[in-house]
>>> print(open('model.txt').read())   # compact mmCIF, N, CA, C and O atoms
# COMPACT_ATOMS: atom_id res chain seq x y z
N MET A 297 94.52 179.45 69.86
CA MET A 297 93.63 179.14 70.97
C MET A 297 93.70 180.31 71.97
O MET A 297 94.77 180.77 72.31
N THR A 298 92.54 180.73 72.41
CA THR A 298 92.48 181.87 73.33
C THR A 298 92.73 181.41 74.77
O THR A 298 92.71 180.22 75.11
N TYR A 299 92.96 182.40 75.62
CA TYR A 299 93.18 182.15 77.04
C TYR A 299 91.97 181.46 77.67
O TYR A 299 92.10 180.55 78.47
N LYS A 300 90.79 181.89 77.26
CA LYS A 300 89.54 181.32 77.78
C LYS A 300 89.44 179.83 77.42
O LYS A 300 89.04 179.01 78.24
N GLU A 301 89.79 179.50 76.20
CA GLU A 301 89.73 178.09 75.76
C GLU A 301 90.75 177.24 76.51
O GLU A 301 90.44 176.10 76.89
N LEU A 302 91.94 177.77 76.74
CA LEU A 302 92.95 177.04 77.50
C LEU A 302 92.49 176.77 78.93
O LEU A 302 92.70 175.67 79.46
N LEU A 303 91.87 177.77 79.54
CA LEU A 303 91.36 177.57 80.90
C LEU A 303 90.23 176.54 80.93
O LEU A 303 90.14 175.74 81.87
N ALA A 304 89.38 176.56 79.92
CA ALA A 304 88.29 175.58 79.85
C ALA A 304 88.85 174.17 79.71
O ALA A 304 88.37 173.23 80.36
N ILE A 305 89.86 174.00 78.88
CA ILE A 305 90.48 172.69 78.70
C ILE A 305 91.15 172.24 79.99
O ILE A 305 91.00 171.09 80.41
N ALA A 306 91.86 173.15 80.66
CA ALA A 306 92.52 172.81 81.92
C ALA A 306 91.50 172.41 82.98
O ALA A 306 91.70 171.43 83.71
N ALA A 307 90.39 173.14 83.06
CA ALA A 307 89.36 172.81 84.04
C ALA A 307 88.74 171.45 83.76
O ALA A 307 88.49 170.66 84.68
N THR A 308 88.51 171.15 82.50
CA THR A 308 87.94 169.86 82.13
C THR A 308 88.90 168.72 82.47
O THR A 308 88.49 167.69 83.02
N LEU A 309 90.19 168.91 82.16
CA LEU A 309 91.18 167.88 82.48
C LEU A 309 91.29 167.65 83.99
O LEU A 309 91.36 166.51 84.44
N LEU A 310 91.27 168.73 84.75
CA LEU A 310 91.33 168.59 86.21
C LEU A 310 90.10 167.86 86.75
O LEU A 310 90.21 167.08 87.71
N THR A 311 88.96 168.09 86.15
CA THR A 311 87.74 167.40 86.56
C THR A 311 87.89 165.90 86.34
O THR A 311 87.58 165.09 87.21
N TYR A 312 88.37 165.53 85.15
CA TYR A 312 88.53 164.10 84.85
C TYR A 312 89.62 163.47 85.71
O TYR A 312 89.47 162.32 86.15
N ILE A 313 90.67 164.19 86.00
CA ILE A 313 91.72 163.68 86.89
C ILE A 313 91.14 163.45 88.28
O ILE A 313 91.47 162.48 88.96
N GLY A 314 90.26 164.34 88.71
CA GLY A 314 89.61 164.19 90.01
C GLY A 314 88.72 162.96 90.11
O GLY A 314 88.49 162.42 91.19
N PHE A 315 88.21 162.49 88.97
CA PHE A 315 87.36 161.30 88.95
C PHE A 315 88.17 160.01 89.07
O PHE A 315 87.62 158.96 89.44
N ILE A 316 89.46 160.04 88.76
CA ILE A 316 90.27 158.82 88.71
C ILE A 316 90.24 158.02 90.01
O ILE A 316 89.97 156.82 89.99
N PRO A 317 90.52 158.64 91.18
CA PRO A 317 90.48 157.84 92.41
C PRO A 317 89.10 157.23 92.70
O PRO A 317 88.99 156.10 93.18
N TYR A 318 88.05 157.98 92.37
CA TYR A 318 86.69 157.49 92.60
C TYR A 318 86.39 156.29 91.71
O TYR A 318 85.89 155.27 92.19
N ILE A 319 86.69 156.41 90.45
CA ILE A 319 86.43 155.31 89.51
C ILE A 319 87.30 154.10 89.86
O ILE A 319 86.83 152.96 89.79
N ARG A 320 88.54 154.34 90.25
CA ARG A 320 89.42 153.23 90.65
C ARG A 320 88.84 152.48 91.85
O ARG A 320 88.83 151.25 91.90
N SER A 321 88.33 153.22 92.83
CA SER A 321 87.73 152.59 94.01
C SER A 321 86.49 151.78 93.64
O SER A 321 86.25 150.72 94.22
N ILE A 322 85.72 152.26 92.68
CA ILE A 322 84.55 151.52 92.21
C ILE A 322 84.98 150.21 91.58
O ILE A 322 84.45 149.14 91.87
N LEU A 323 85.98 150.29 90.70
CA LEU A 323 86.44 149.09 90.00
C LEU A 323 87.07 148.07 90.94
O LEU A 323 86.99 146.86 90.70
N LEU A 324 87.70 148.54 92.01
CA LEU A 324 88.30 147.63 92.99
C LEU A 324 87.28 147.10 93.98
O LEU A 324 87.60 146.24 94.80
N GLY A 325 86.05 147.60 93.92
CA GLY A 325 85.00 147.13 94.81
C GLY A 325 85.06 147.72 96.20
O GLY A 325 84.41 147.21 97.11
N LYS A 326 85.83 148.78 96.38
CA LYS A 326 85.94 149.40 97.71
C LYS A 326 84.72 150.23 98.06
O LYS A 326 84.38 150.37 99.23
N ILE A 327 84.09 150.80 97.05
CA ILE A 327 82.89 151.60 97.28
C ILE A 327 81.82 151.23 96.26
O ILE A 327 82.13 150.68 95.20
N LYS A 328 80.59 151.51 96.60
CA LYS A 328 79.48 151.28 95.70
C LYS A 328 78.82 152.63 95.43
O LYS A 328 78.27 153.25 96.34
N PRO A 329 78.88 153.09 94.18
CA PRO A 329 78.33 154.42 93.89
C PRO A 329 76.81 154.44 93.97
O PRO A 329 76.14 153.43 93.76
N HIS A 330 76.29 155.58 94.28
CA HIS A 330 74.85 155.80 94.33
C HIS A 330 74.48 156.73 93.18
O HIS A 330 75.23 157.64 92.84
N ILE A 331 73.34 156.53 92.57
CA ILE A 331 72.92 157.32 91.42
C ILE A 331 72.86 158.81 91.76
O ILE A 331 73.18 159.65 90.93
N PHE A 332 72.49 159.14 92.99
CA PHE A 332 72.40 160.55 93.38
C PHE A 332 73.77 161.22 93.34
O PHE A 332 73.89 162.37 92.96
N SER A 333 74.83 160.49 93.72
CA SER A 333 76.17 161.09 93.68
C SER A 333 76.59 161.38 92.24
O SER A 333 77.23 162.40 91.95
N TRP A 334 76.20 160.51 91.31
CA TRP A 334 76.53 160.75 89.91
C TRP A 334 75.76 161.95 89.37
O TRP A 334 76.28 162.74 88.57
N ILE A 335 74.53 162.13 89.80
CA ILE A 335 73.74 163.29 89.37
C ILE A 335 74.37 164.58 89.89
O ILE A 335 74.52 165.55 89.15
N ILE A 336 74.78 164.59 91.15
CA ILE A 336 75.40 165.77 91.75
C ILE A 336 76.71 166.10 91.03
O ILE A 336 76.97 167.26 90.68
N TRP A 337 77.56 165.11 90.82
CA TRP A 337 78.85 165.35 90.15
C TRP A 337 78.62 165.82 88.72
O TRP A 337 79.31 166.72 88.25
N GLY A 338 77.70 165.21 88.03
CA GLY A 338 77.42 165.60 86.65
C GLY A 338 76.88 167.01 86.54
O GLY A 338 77.29 167.79 85.68
N ALA A 339 75.95 167.34 87.44
CA ALA A 339 75.37 168.69 87.42
C ALA A 339 76.42 169.73 87.77
O ALA A 339 76.48 170.81 87.15
N GLY A 340 77.27 169.43 88.71
CA GLY A 340 78.33 170.36 89.08
C GLY A 340 79.32 170.58 87.95
O GLY A 340 79.75 171.72 87.68
N THR A 341 79.68 169.52 87.27
CA THR A 341 80.60 169.63 86.13
C THR A 341 79.96 170.41 85.00
O THR A 341 80.60 171.30 84.41
N LEU A 342 78.72 170.12 84.70
CA LEU A 342 78.03 170.83 83.63
C LEU A 342 77.89 172.31 83.98
O LEU A 342 78.15 173.19 83.15
N ASN A 343 77.52 172.59 85.21
CA ASN A 343 77.36 173.96 85.66
C ASN A 343 78.70 174.72 85.64
O ASN A 343 78.76 175.89 85.29
N GLY A 344 79.76 174.04 85.99
CA GLY A 344 81.07 174.68 86.01
C GLY A 344 81.67 174.91 84.64
O GLY A 344 82.39 175.88 84.42
N ASN A 345 81.38 174.02 83.70
CA ASN A 345 81.97 174.13 82.36
C ASN A 345 81.09 174.85 81.35
O ASN A 345 81.58 175.29 80.33
N SER A 346 79.80 174.99 81.63
CA SER A 346 78.92 175.62 80.65
C SER A 346 79.27 177.08 80.35
O SER A 346 79.15 177.49 79.19
N PRO A 347 79.72 177.88 81.31
CA PRO A 347 80.09 179.26 80.95
C PRO A 347 81.26 179.32 79.98
O PRO A 347 81.37 180.26 79.19
N SER A 348 82.12 178.32 80.02
CA SER A 348 83.26 178.33 79.10
C SER A 348 82.84 178.06 77.67
O SER A 348 83.59 178.34 76.73
N LEU A 349 81.64 177.56 77.46
CA LEU A 349 81.16 177.27 76.12
C LEU A 349 80.44 178.45 75.48
O LEU A 349 80.21 178.46 74.28
N SER A 350 80.12 179.45 76.29
CA SER A 350 79.41 180.61 75.74
C SER A 350 80.37 181.50 74.95
O SER A 350 81.56 181.56 75.26
N PRO A 351 79.87 182.15 73.92
CA PRO A 351 80.76 182.97 73.08
C PRO A 351 81.31 184.20 73.73
O PRO A 351 80.99 184.76 74.63
>>> encode(input="model.txt", output="structure tokens")
Amino acid sequence: MTYKELLAIAATLLTYIGFIPYIRSILLGKIKPHIFSWIIWGAGTLNGNSPSLSP
């Protein structure tokens, strides 16, 4: 595994770890998510991880 692949995996794991408090709050009913926030988070994640997929 190359250095680039390790960094991509680490970035992806950190992204998912960052979602844990948000998802936990949703499940506990403390917050109500809005579709726009999911679009922003998804676009940011895709934009941040897409360069790691290029050869």
>>> select_by_dssp(input="model.txt", residues="chain A", states="helix (DSSP H, G or I)", output="PyMOL selection string")
chain A and resi 299-323+331-349
>>> atom_distance(input="model.txt", atom1="atom O of Lys326 in chain A", atom2="atom C of Leu342 in chain A")
27.5 Å
>>> closest_residue(input="model.txt", among="A:Thr308, A:Ile327, A:Ile313, A:Tyr318", to="Thr341 in chain A", atoms="only C-alpha atoms")
A:Thr308
>>> atom_distance(input="model.txt", atom1="atom C of Lys300 in chain A", atom2="CA of Pro317 in chain A")
26.6 Å
>>> atom_distance(input="model.txt", atom1="atom O of Ile335 in chain A", atom2="atom C of Leu323 in chain A")
21.6 Å
>>> decode(input="model.txt", residues="range 305-337 of chain A", atoms="N, CA and C atoms", output="PDB file, in the first residue's frame")
ATOM      1  N   ILE A 305      -7.118   6.503   3.194  1.00  0.00           N
ATOM      2  CA  ILE A 305      -7.848   5.688   4.169  1.00  0.00           C
ATOM      3  C   ILE A 305      -7.978   6.428   5.492  1.00  0.00           C
ATOM      4  N   ALA A 306      -6.896   7.071   5.935  1.00  0.00           N
ATOM      5  CA  ALA A 306      -6.938   7.826   7.187  1.00  0.00           C
ATOM      6  C   ALA A 306      -7.939   8.980   7.100  1.00  0.00           C
ATOM      7  N   ALA A 307      -7.952   9.681   5.970  1.00  0.00           N
ATOM      8  CA  ALA A 307      -8.893  10.794   5.799  1.00  0.00           C
ATOM      9  C   ALA A 307     -10.339  10.305   5.806  1.00  0.00           C
ATOM     10  N   THR A 308     -10.583   9.177   5.165  1.00  0.00           N
ATOM     11  CA  THR A 308     -11.933   8.622   5.132  1.00  0.00           C
ATOM     12  C   THR A 308     -12.376   8.197   6.531  1.00  0.00           C
ATOM     13  N   LEU A 309     -11.481   7.542   7.273  1.00  0.00           N
ATOM     14  CA  LEU A 309     -11.817   7.128   8.642  1.00  0.00           C
ATOM     15  C   LEU A 309     -12.102   8.331   9.540  1.00  0.00           C
ATOM     16  N   LEU A 310     -11.294   9.372   9.409  1.00  0.00           N
ATOM     17  CA  LEU A 310     -11.524  10.572  10.210  1.00  0.00           C
ATOM     18  C   LEU A 310     -12.854  11.231   9.865  1.00  0.00           C
ATOM     19  N   THR A 311     -13.229  11.185   8.608  1.00  0.00           N
ATOM     20  CA  THR A 311     -14.521  11.737   8.189  1.00  0.00           C
ATOM     21  C   THR A 311     -15.657  10.986   8.864  1.00  0.00           C
ATOM     22  N   TYR A 312     -15.584   9.652   8.827  1.00  0.00           N
ATOM     23  CA  TYR A 312     -16.645   8.856   9.452  1.00  0.00           C
ATOM     24  C   TYR A 312     -16.660   9.018  10.965  1.00  0.00           C
ATOM     25  N   ILE A 313     -15.507   9.144  11.579  1.00  0.00           N
ATOM     26  CA  ILE A 313     -15.446   9.379  13.024  1.00  0.00           C
ATOM     27  C   ILE A 313     -16.090  10.726  13.351  1.00  0.00           C
ATOM     28  N   GLY A 314     -15.882  11.704  12.488  1.00  0.00           N
ATOM     29  CA  GLY A 314     -16.488  13.022  12.685  1.00  0.00           C
ATOM     30  C   GLY A 314     -18.010  13.004  12.601  1.00  0.00           C
ATOM     31  N   PHE A 315     -18.564  12.030  11.883  1.00  0.00           N
ATOM     32  CA  PHE A 315     -20.020  11.905  11.766  1.00  0.00           C
ATOM     33  C   PHE A 315     -20.657  11.296  13.012  1.00  0.00           C
ATOM     34  N   ILE A 316     -19.886  10.584  13.824  1.00  0.00           N
ATOM     35  CA  ILE A 316     -20.451   9.840  14.962  1.00  0.00           C
ATOM     36  C   ILE A 316     -21.254  10.725  15.913  1.00  0.00           C
ATOM     37  N   PRO A 317     -20.707  11.856  16.402  1.00  0.00           N
ATOM     38  CA  PRO A 317     -21.513  12.683  17.316  1.00  0.00           C
ATOM     39  C   PRO A 317     -22.804  13.208  16.676  1.00  0.00           C
ATOM     40  N   TYR A 318     -22.731  13.536  15.396  1.00  0.00           N
ATOM     41  CA  TYR A 318     -23.904  14.054  14.689  1.00  0.00           C
ATOM     42  C   TYR A 318     -24.979  12.978  14.574  1.00  0.00           C
ATOM     43  N   ILE A 319     -24.587  11.803  14.152  1.00  0.00           N
ATOM     44  CA  ILE A 319     -25.554  10.703  14.002  1.00  0.00           C
ATOM     45  C   ILE A 319     -26.114  10.299  15.364  1.00  0.00           C
ATOM     46  N   ARG A 320     -25.266  10.286  16.386  1.00  0.00           N
ATOM     47  CA  ARG A 320     -25.744   9.954  17.736  1.00  0.00           C
ATOM     48  C   ARG A 320     -26.796  10.957  18.204  1.00  0.00           C
ATOM     49  N   SER A 321     -26.568  12.238  17.954  1.00  0.00           N
ATOM     50  CA  SER A 321     -27.530  13.270  18.334  1.00  0.00           C
ATOM     51  C   SER A 321     -28.848  13.107  17.589  1.00  0.00           C
ATOM     52  N   ILE A 322     -28.781  12.696  16.333  1.00  0.00           N
ATOM     53  CA  ILE A 322     -29.994  12.454  15.553  1.00  0.00           C
ATOM     54  C   ILE A 322     -30.779  11.304  16.165  1.00  0.00           C
ATOM     55  N   LEU A 323     -30.079  10.215  16.467  1.00  0.00           N
ATOM     56  CA  LEU A 323     -30.753   9.035  17.021  1.00  0.00           C
ATOM     57  C   LEU A 323     -31.341   9.295  18.403  1.00  0.00           C
ATOM     58  N   LEU A 324     -30.705  10.168  19.172  1.00  0.00           N
ATOM     59  CA  LEU A 324     -31.227  10.509  20.500  1.00  0.00           C
ATOM     60  C   LEU A 324     -32.334  11.559  20.437  1.00  0.00           C
ATOM     61  N   GLY A 325     -32.586  12.101  19.258  1.00  0.00           N
ATOM     62  CA  GLY A 325     -33.645  13.086  19.087  1.00  0.00           C
ATOM     63  C   GLY A 325     -33.258  14.485  19.534  1.00  0.00           C
ATOM     64  N   LYS A 326     -31.970  14.730  19.726  1.00  0.00           N
ATOM     65  CA  LYS A 326     -31.529  16.056  20.169  1.00  0.00           C
ATOM     66  C   LYS A 326     -31.551  17.073  19.038  1.00  0.00           C
ATOM     67  N   ILE A 327     -31.325  16.601  17.824  1.00  0.00           N
ATOM     68  CA  ILE A 327     -31.341  17.489  16.665  1.00  0.00           C
ATOM     69  C   ILE A 327     -32.133  16.848  15.540  1.00  0.00           C
ATOM     70  N   LYS A 328     -32.615  17.675  14.640  1.00  0.00           N
ATOM     71  CA  LYS A 328     -33.333  17.190  13.476  1.00  0.00           C
ATOM     72  C   LYS A 328     -32.552  17.644  12.241  1.00  0.00           C
ATOM     73  N   PRO A 329     -32.009  16.689  11.487  1.00  0.00           N
ATOM     74  CA  PRO A 329     -31.184  17.071  10.342  1.00  0.00           C
ATOM     75  C   PRO A 329     -32.011  17.680   9.213  1.00  0.00           C
ATOM     76  N   HIS A 330     -31.377  18.517   8.459  1.00  0.00           N
ATOM     77  CA  HIS A 330     -31.996  19.135   7.296  1.00  0.00           C
ATOM     78  C   HIS A 330     -31.319  18.571   6.057  1.00  0.00           C
ATOM     79  N   ILE A 331     -32.054  18.372   4.987  1.00  0.00           N
ATOM     80  CA  ILE A 331     -31.517  17.777   3.768  1.00  0.00           C
ATOM     81  C   ILE A 331     -30.346  18.596   3.218  1.00  0.00           C
ATOM     82  N   PHE A 332     -30.392  19.911   3.376  1.00  0.00           N
ATOM     83  CA  PHE A 332     -29.316  20.755   2.868  1.00  0.00           C
ATOM     84  C   PHE A 332     -28.000  20.470   3.586  1.00  0.00           C
ATOM     85  N   SER A 333     -28.057  20.191   4.893  1.00  0.00           N
ATOM     86  CA  SER A 333     -26.821  19.882   5.621  1.00  0.00           C
ATOM     87  C   SER A 333     -26.205  18.575   5.126  1.00  0.00           C
ATOM     88  N   TRP A 334     -27.048  17.612   4.783  1.00  0.00           N
ATOM     89  CA  TRP A 334     -26.530  16.348   4.255  1.00  0.00           C
ATOM     90  C   TRP A 334     -25.904  16.550   2.878  1.00  0.00           C
ATOM     91  N   ILE A 335     -26.484  17.421   2.072  1.00  0.00           N
ATOM     92  CA  ILE A 335     -25.915  17.712   0.753  1.00  0.00           C
ATOM     93  C   ILE A 335     -24.547  18.381   0.898  1.00  0.00           C
ATOM     94  N   ILE A 336     -24.438  19.337   1.804  1.00  0.00           N
ATOM     95  CA  ILE A 336     -23.179  20.040   2.026  1.00  0.00           C
ATOM     96  C   ILE A 336     -22.109  19.072   2.529  1.00  0.00           C
ATOM     97  N   TRP A 337     -22.438  18.253   3.523  1.00  0.00           N
ATOM     98  CA  TRP A 337     -21.468  17.300   4.073  1.00  0.00           C
ATOM     99  C   TRP A 337     -21.059  16.285   3.012  1.00  0.00           C
TER     100      TRP A 337
END
